[in-house]
2 protein chains.
Amino acid sequence: MALADIKPIQWIDGKVRIIDQTRLPAELVYVDMDDYVAMAEAICQLRVRGAPQLGIAAAYGLALGARRIKANGREEFLSKLSQVSKVLASTRPTAVNLFYALRRMESAAGKARTIADIQQALLDEAKRIADEEDAANRQLGKFGAELVGDGATILTHCNAGALATGGYGTALGVIYAAREAGKGVQVFADESRPLLQGSRLTAWELMQVGIPVTLITDSMYGHFLISGKIDLDVVGADRIAANGDVANKIGTYSVAVLAMENGVPFYVAAPVSTVDLSLASGDQIPIEERSPEEVTHLRGVPIAPAKVKVANPAFDVTPHHYVTAIITEKGVIREPYQERLRRVA
Amino acid sequence: MALADIKPIQWIDGKVRIIDQTRLPAELVYVDMDDYVAMAEAICQLRVRGAPQLGIAAAYGLALGARRIKANGREEFLSKLSQVSKVLASTRPTAVNLFYALRRMESAAGKARTIADIQQALLDEAKRIADEEDAANRQLGKFGAELVGDGATILTHCNAGALATGGYGTALGVIYAAREAGKGVQVFADESRPLLQGSRLTAWELMQVGIPVTLITDSMYGHFLISGKIDLDVVGADRIAANGDVANKIGTYSVAVLAMENGVPFYVAAPVSTVDLSLASGDQIPIEERSPEEVTHLRGVPIAPAKVKVANPAFDVTPHHYVTAIITEKGVIREPYQERLRRVA
């Protein structure tokens, strides 16, 4: 399978077709949705996931919702549309791309006159968000590729690849662009417990496109960093505060500290839409707490004592001083982040 | 269940009775063995495990083997005994306790005259090793308990508890002793992928004895350390080099770095038999590489793409400068380790 064949989200004939990522790697299953409620559920259940893709999914979800709204006039329509938007916004709290996309969509709706115009404007805007996302990823990939040496071994965490975006990737986009630039690369993917996006998605995706990948557990990245096996780390982001603090999949902070301790660069690859200038620092980023069953069960099989108390934060915050650079479609940004992020975001 | 009721290894009527730790926490199953081959297999498959307990298991295994040897005279007997010892020694390469116990056993055998005397001497020595292990754990627990504040929240990795030893524990022994001294304690146990000794064994063991425990994944300990939730870390050890470098379950190094980065003490609790003065530093400790299936499958269920390349080192080495102190039955040892370990080991 080529990278271009991995199409995690598409608009086809009035429906949104997604890859159900909870079924990977066992099965590659596409699901068609013509209803915003189905999209909201798919987001909650992580059938569709990845910060950049959450923006696209929410946008398409709102476009789907708009097609079903029955209203007497523009005002009632916009009021009902706002309700749909609220449902989509309530799915997941951490990735800012979701809220960014919904704001853009509501603004596009506000500019159109008739109900039919609004419906069309929403679909157009959703497609534009998807296209821009793809273009941003490809551009940031090119910038990031310059940081990757020929023959590099790269550690990544969770999945910030084609499956997490419209189809190119942020962290993995950097790796794809490095390879397209003719560089040899290989990847260490940690499994990213509890939901195993690293083993289920990143390892699968890299195997599809033929990039050598070694799967390890989250307990192992420190060992491979101190062993000198890793040349650089690159991860995605769910939200970046104004000072450069990065919220990303739980475990990212540990990777960053261990990278710094071993003199390995730690890069964050994310489109500018991930930057949230309204938050001064990372401790203001809301961290989603998910169900204990994600830790105590795997594919329905219990792997911990019954009734054990569990903590399950889905994200952590990496303070900006661990971040070597943030790779965006507007260039590679380094300290001082405060000043330089404001210029691009 | 009280702590005294957790009997992971016992000699009963010419047989060794172990708790099959691969069946926990779903079932508490005891297995009786009267054959050293069964013991060697149980060690390889981690039915019996934990560095201190591996010494006891190997010793009892040799005592079992000695009872079955058919030989014409002492010389032939000792030669066959040496073969049995080699089989037991070939099971797992990292924990030094196993080799230490076998050396003691062979030395005890060498001092006895008749075959019957040797068989008895081996059984006596194995029981002595088990008893000394228990006494050492209780003594190091007392020393360690002085380092634990009342109301402390303690992070531990893997299982260095009753299940890993004769029945008291090293890292968890410190916690048990702190509670016996009247201190309130609670524990964060990480699951310790790939084999989940943290969730399956440590969480189970702590729940049995009524110590509050919160289960997290290995990707989360950094988050809880930087969040200020953890007062101290305590882990066990499989081998400690002359300079204080510590080999322990994969992930230990990451915990140690993250603890230091956040100003949290990182203690290693281990009997003196874990110290291997023959190795100058940790990079000389052999690290066991285990089967890829431990990473790609859980209880037989595939959780990664078929044929993915996997790395699966079972241990890592924590350089001594991350270790706040090593808690032994001969006292709490701090830098300079080189000099002070030589005095006790």
# chains A, B, ... in the order shown; residues from 1 in each chain; ligands from 1
call {"tool": "residues_around", "arguments": {"residues": "segment 5-8 of chain A", "least_positions_apart": "2", "cutoff": "10 Å", "atoms": "only C-alpha atoms", "output": "list in words"}}
result
Met1, Ala2, Leu3, Gln10, Arg17, Ile18, Ile19, Asp20, Gln21, Tyr30, Val48, Arg49, Gln53, Ala162, Leu163, Ala164, Thr165, Gly166, Gly167, Tyr168, Glu205, Gln208 and Val209 of chain A
call {"tool": "select_by_dssp", "arguments": {"residues": "segment 185-219 of chain A", "states": "helix (DSSP H, G or I)", "output": "PyMOL selection string"}}
result
chain A and resi 197-209+218-219
call {"tool": "residues_around", "arguments": {"residues": "Leu215 of chain B", "least_positions_apart": "3", "cutoff": "9 Å", "atoms": "only C-alpha atoms", "output": "compact mmCIF listing (two decimals) with N, CA and C atoms, in the first residue's frame"}}
result
# COMPACT_ATOMS: atom_id res chain seq x y z
N VAL A 295 -7.27 0.67 30.74
CA VAL A 295 -6.04 0.18 31.39
C VAL A 295 -6.21 -1.28 31.85
N THR A 296 -7.40 -1.60 32.36
CA THR A 296 -7.59 -2.91 32.99
C THR A 296 -7.97 -4.01 32.01
N ALA A 304 -5.80 -6.99 34.71
CA ALA A 304 -5.49 -6.41 36.03
C ALA A 304 -6.52 -6.97 37.01
N VAL A 308 -9.56 -2.87 40.75
CA VAL A 308 -8.38 -2.08 41.10
C VAL A 308 -8.65 -0.61 40.74
N LYS A 309 -8.13 0.29 41.58
CA LYS A 309 -8.25 1.72 41.30
C LYS A 309 -7.26 2.07 40.18
N VAL A 310 -7.71 2.91 39.25
CA VAL A 310 -6.90 3.22 38.07
C VAL A 310 -6.88 4.72 37.83
N ALA A 311 -5.75 5.26 37.39
CA ALA A 311 -5.71 6.62 36.84
C ALA A 311 -5.48 6.48 35.34
N ASN A 312 -6.16 7.27 34.55
CA ASN A 312 -6.02 7.14 33.09
C ASN A 312 -6.08 8.48 32.37
N VAL B 187 0.33 3.53 47.24
CA VAL B 187 1.26 3.14 46.18
C VAL B 187 0.68 3.45 44.80
N PHE B 188 1.52 3.97 43.91
CA PHE B 188 1.24 3.98 42.48
C PHE B 188 2.03 2.82 41.87
N ALA B 189 1.34 1.89 41.26
CA ALA B 189 2.01 0.75 40.62
C ALA B 189 1.86 0.91 39.12
N ASP B 190 2.99 0.95 38.39
CA ASP B 190 2.84 0.96 36.93
C ASP B 190 2.72 -0.47 36.44
N GLU B 191 2.09 -0.65 35.29
CA GLU B 191 1.75 -2.02 34.90
C GLU B 191 2.96 -2.85 34.49
N GLY B 198 3.41 -5.43 37.19
CA GLY B 198 2.88 -4.37 38.04
C GLY B 198 1.38 -4.50 38.24
N SER B 199 0.65 -4.66 37.13
CA SER B 199 -0.81 -4.75 37.26
C SER B 199 -1.23 -6.12 37.76
N ALA B 203 -0.25 -4.89 42.00
CA ALA B 203 -1.58 -4.38 42.36
C ALA B 203 -2.36 -5.45 43.11
call {"tool": "residues_around", "arguments": {"residues": "Val96 of chain A", "least_positions_apart": "6", "cutoff": "10 Å", "atoms": "only C-alpha atoms", "output": "list in words"}}
result
Ala51, Pro52, Leu54, Gly55, Ala237, Asp238, Arg239, Ile240, Ala247, Ser273, Thr274, Val275, Asp276 and Ile285 of chain A
call {"tool": "closest_residue", "arguments": {"among": "B:Thr202, B:Asp124, B:Pro265, B:Asp283", "to": "Ile216 of chain B", "atoms": "only C-alpha atoms"}}
result
B:Thr202
call {"tool": "atom_distance", "arguments": {"atom1": "atom CA of Ile230 of chain B", "atom2": "atom CA of Thr153 of chain B"}}
result
5.3 Å
call {"tool": "closest_residue", "arguments": {"among": "A:Val301, A:Ala130, A:Ala160, A:Ile250", "to": "Ala314 of chain A", "atoms": "only C-alpha atoms"}}
result
A:Ile250
call {"tool": "select_by_dssp", "arguments": {"residues": "segment 81-213 of chain A", "states": "strand (DSSP E)", "output": "VMD selection string"}}
result
chain A and resid 152 to 156 185 to 190 213
call {"tool": "atom_distance", "arguments": {"atom1": "atom CA of Gly228 of chain B", "atom2": "atom CA of Asp150 of chain B"}}
result
16.4 Å
call {"tool": "residues_around", "arguments": {"residues": "His320 of chain A", "least_positions_apart": "5", "cutoff": "10 Å", "atoms": "only C-alpha atoms", "output": "PyMOL selection string"}}
result
chain A and resi 240-246+256+281-282+325-326+334-338
call {"tool": "atom_distance", "arguments": {"atom1": "atom CA of Asp233 of chain A", "atom2": "atom CA of Pro286 of chain A"}}
result
24.7 Å
call {"tool": "residues_around", "arguments": {"residues": "Ile118 of chain B", "least_positions_apart": "6", "cutoff": "9 Å", "atoms": "only C-alpha atoms", "output": "PyMOL selection string"}}
result
chain B and resi 66+74+78+108-112
call {"tool": "write_last_selection", "arguments": {"atoms": "N, CA, C and O atoms", "output": "compact mmCIF listing (two decimals), in the first residue's frame"}}
result
# COMPACT_ATOMS: atom_id res chain seq x y z
N ALA B 66 18.69 -33.50 42.89
CA ALA B 66 19.59 -34.41 43.62
C ALA B 66 18.87 -35.67 44.08
O ALA B 66 19.46 -36.76 44.13
N ARG B 74 30.00 -41.26 44.80
CA ARG B 74 29.95 -39.83 45.03
C ARG B 74 30.37 -39.02 43.80
O ARG B 74 29.74 -38.02 43.44
N LEU B 78 28.15 -36.27 41.90
CA LEU B 78 28.46 -34.84 41.83
C LEU B 78 28.56 -34.36 40.38
O LEU B 78 28.18 -33.23 40.07
N ALA B 108 27.90 -26.51 49.29
CA ALA B 108 27.34 -27.34 50.36
C ALA B 108 27.44 -28.82 49.99
O ALA B 108 27.76 -29.67 50.83
N ALA B 109 27.16 -29.12 48.73
CA ALA B 109 27.24 -30.51 48.27
C ALA B 109 28.67 -31.04 48.40
O ALA B 109 28.90 -32.19 48.82
N GLY B 110 29.61 -30.18 48.06
CA GLY B 110 31.02 -30.59 48.08
C GLY B 110 31.51 -30.98 49.47
O GLY B 110 32.45 -31.76 49.62
N LYS B 111 30.84 -30.45 50.49
CA LYS B 111 31.30 -30.70 51.86
C LYS B 111 30.71 -31.99 52.46
O LYS B 111 31.17 -32.44 53.51
N ALA B 112 29.67 -32.53 51.81
CA ALA B 112 29.02 -33.73 52.37
C ALA B 112 29.69 -35.00 51.83
O ALA B 112 30.25 -34.98 50.73
call {"tool": "residues_around", "arguments": {"residues": "Pro25 of chain A", "least_positions_apart": "4", "cutoff": "7 Å", "atoms": "only C-alpha atoms", "output": "ChimeraX atom specification"}}
result
/A:200-201,204 /B:304-305
call {"tool": "closest_residue", "arguments": {"among": "A:Leu258, A:Ala181, A:Ala152, A:Val272", "to": "Pro212 of chain A", "atoms": "only C-alpha atoms"}}
result
A:Ala152
